[in-house]
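Take a look at the structure set out below.
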Amino acid sequence: MRSSKLTLFEALVAETAACRRCPAMCGRRAVLSELNGNLDARVMFIGEAPGRQGGDRTRIPFSGDQSGRNFGRYLASINVGREETFITNSALCNPRHAGTDANRKPTTVEVANCAGFLRRQLELIEPAVVVTLGAVALAALKAIQYHQFSLRENAGSVLRWGGRLLVPLYHPSPQVLASHRREAAQLADYRAIARALRDNS
Ligand code: SF4
């Protein structure tokens, strides 16, 4: 028998596929499907937006590009398999600079447009632990339940947010690794996920 969770998820997927709320994203498909992960996951990762060479191409967030390879390595370092997780983005469509193929950050309006979909994913998956990857994802949560956390103060900490545990992490992109959070520090930050999962078992 089909679970009601799966039925609700499929309805959400259909809505996101038809969504045209962000004019600059028209013609692109939202990256949300069963490939995003386990609907019963205890941990949900939220990134910024699918990258052109990554999630937008593979349909799997954080795969197929260097950010995805870094993320996979960090996840493996705490013995968490992708099949145990659900991975999504603050903006479900790939943002690009006008007239080029270069990725850009989603605007605050685009993230706000997608906040209702993020809220519904959280309500559906009901993860015990939410992990944000980067400042955009951490800020996106404010539309769901306001907080005053920042990466500078709170990266790698286990916090309480919205009735769940929240672990804010830096984005695993090569640019962030080179400029803001090196590999060793990122690996140390990921241990907070293992702590949060242990605290919630
Ligand atoms: S980013 Fe979200 S709100 Fe914007 S068009 Fe895509 S699915 Fe719709």
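Letters A, B, ... go to the chains of the structure tokens in the order shown; residues in each chain start at 1; ligands are counted from 1 in the same order.
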Q: Excluding stretch 41-51 of chain A and residues on its chain fewer than 4 positions from it, collect all residues at most 6 Å away from it, counting only C-alpha atoms, and give them as a ChimeraX atom specification.
A: /A:55-56,84-92,94,127-133,136-137
Q: Run DSSP on the backbone and grab whatever in stretch 8-151 of chain A lands in helix (DSSP H, G or I); send it over as a VMD selection string.
A: chain A and resid 8 to 18 23 to 25 34 to 36 55 to 58 66 to 77 82 to 84 108 to 125 135 to 143 151
Those same residues, written as an mmCIF file, in the first residue's frame with C-alpha atoms?
```
data_model
loop_
_atom_site.group_PDB
_atom_site.id
_atom_site.type_symbol
_atom_site.label_atom_id
_atom_site.label_comp_id
_atom_site.auth_asym_id
_atom_site.auth_seq_id
_atom_site.Cartn_x
_atom_site.Cartn_y
_atom_site.Cartn_z
ATOM 1 C CA LEU A 8 2.133 14.009 -0.347
ATOM 2 C CA PHE A 9 5.724 14.099 -1.563
ATOM 3 C CA GLU A 10 4.695 13.313 -5.129
ATOM 4 C CA ALA A 11 2.149 16.150 -5.001
ATOM 5 C CA LEU A 12 4.885 18.490 -3.794
ATOM 6 C CA VAL A 13 7.209 17.333 -6.588
ATOM 7 C CA ALA A 14 4.492 18.014 -9.169
ATOM 8 C CA GLU A 15 3.890 21.495 -7.740
ATOM 9 C CA THR A 16 7.565 22.398 -7.805
ATOM 10 C CA ALA A 17 7.906 21.083 -11.371
ATOM 11 C CA ALA A 18 5.091 23.409 -12.474
ATOM 12 C CA PRO A 23 10.971 34.678 -13.657
ATOM 13 C CA ALA A 24 14.710 34.074 -14.098
ATOM 14 C CA MET A 25 14.219 30.329 -13.495
ATOM 15 C CA GLU A 34 12.792 10.714 -5.061
ATOM 16 C CA LEU A 35 16.480 11.272 -5.919
ATOM 17 C CA ASN A 36 16.680 13.861 -3.121
ATOM 18 C CA GLY A 55 22.323 18.999 -9.131
ATOM 19 C CA ASP A 56 20.772 20.722 -12.137
ATOM 20 C CA ARG A 57 22.448 18.149 -14.417
ATOM 21 C CA THR A 58 22.325 15.015 -12.228
ATOM 22 C CA GLN A 66 33.400 19.478 -6.844
ATOM 23 C CA SER A 67 31.025 20.710 -4.109
ATOM 24 C CA GLY A 68 29.253 17.356 -4.297
ATOM 25 C CA ARG A 69 32.501 15.403 -4.132
ATOM 26 C CA ASN A 70 33.610 17.408 -1.084
ATOM 27 C CA PHE A 71 30.222 16.915 0.567
ATOM 28 C CA GLY A 72 30.348 13.150 -0.076
ATOM 29 C CA ARG A 73 33.791 12.942 1.486
ATOM 30 C CA TYR A 74 32.727 14.862 4.599
ATOM 31 C CA LEU A 75 29.595 12.749 4.970
ATOM 32 C CA ALA A 76 31.644 9.545 4.694
ATOM 33 C CA SER A 77 33.986 10.848 7.411
ATOM 34 C CA ARG A 82 23.482 9.334 1.469
ATOM 35 C CA GLU A 83 20.704 6.738 1.626
ATOM 36 C CA GLU A 84 20.144 7.785 5.263
ATOM 37 C CA THR A 108 16.613 36.811 -1.370
ATOM 38 C CA VAL A 109 13.361 37.094 -3.345
ATOM 39 C CA GLU A 110 13.958 33.711 -5.030
ATOM 40 C CA VAL A 111 14.738 32.088 -1.667
ATOM 41 C CA ALA A 112 11.606 33.682 -0.176
ATOM 42 C CA ASN A 113 9.577 32.417 -3.155
ATOM 43 C CA CYS A 114 10.752 28.874 -2.409
ATOM 44 C CA ALA A 115 10.348 29.070 1.405
ATOM 45 C CA GLY A 116 6.895 27.477 1.331
ATOM 46 C CA PHE A 117 8.337 24.437 -0.465
ATOM 47 C CA LEU A 118 11.160 24.215 2.070
ATOM 48 C CA ARG A 119 8.677 24.378 4.942
ATOM 49 C CA ARG A 120 6.625 21.588 3.407
ATOM 50 C CA GLN A 121 9.678 19.398 2.899
ATOM 51 C CA LEU A 122 10.577 19.857 6.573
ATOM 52 C CA GLU A 123 7.023 19.051 7.680
ATOM 53 C CA LEU A 124 6.958 15.959 5.484
ATOM 54 C CA ILE A 125 10.372 14.485 6.240
ATOM 55 C CA ALA A 135 24.904 31.237 4.783
ATOM 56 C CA VAL A 136 22.057 31.294 2.239
ATOM 57 C CA ALA A 137 20.565 28.080 3.649
ATOM 58 C CA LEU A 138 20.944 29.254 7.252
ATOM 59 C CA ALA A 139 19.196 32.544 6.397
ATOM 60 C CA ALA A 140 16.449 30.669 4.485
ATOM 61 C CA LEU A 141 15.328 29.031 7.744
ATOM 62 C CA LYS A 142 14.380 32.445 9.174
ATOM 63 C CA ALA A 143 11.274 32.467 6.974
ATOM 64 C CA LEU A 151 27.951 30.960 10.462
#
```
(Q) Please identify the strand (DSSP E or B) residues within stretch 72-106 of chain A (assignment by DSSP from backbone atoms) and present them as a list of chain:residue names. (A) A:Thr85, A:Phe86, A:Ile87, A:Thr88, A:Asn89, A:Arg96, A:Asn103
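With distances restricted to only C-alpha atoms, A:Arg160 is the closest residue to A:Gln148 from A:Arg160, A:Arg59, A:Arg21, A:Arg2.
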**Q.** Top pick for closest residue to ligand 1, considering A:Leu6, A:Ala185, A:Val80, A:Val31 and counting only C-alpha atoms and all ligand atoms
**A.**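 Smallest distance to ligand 1 is found for A:Val31.
Atom pair atom CA of A:Phe62 / atom CA of A:Leu169: separated by 14.3 Å.
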Q) Counting only C-alpha atoms, which of A:Arg182, A:Ala192, A:Arg20, A:Glu126 gets nearest to A:Gly162? A) A:Glu126
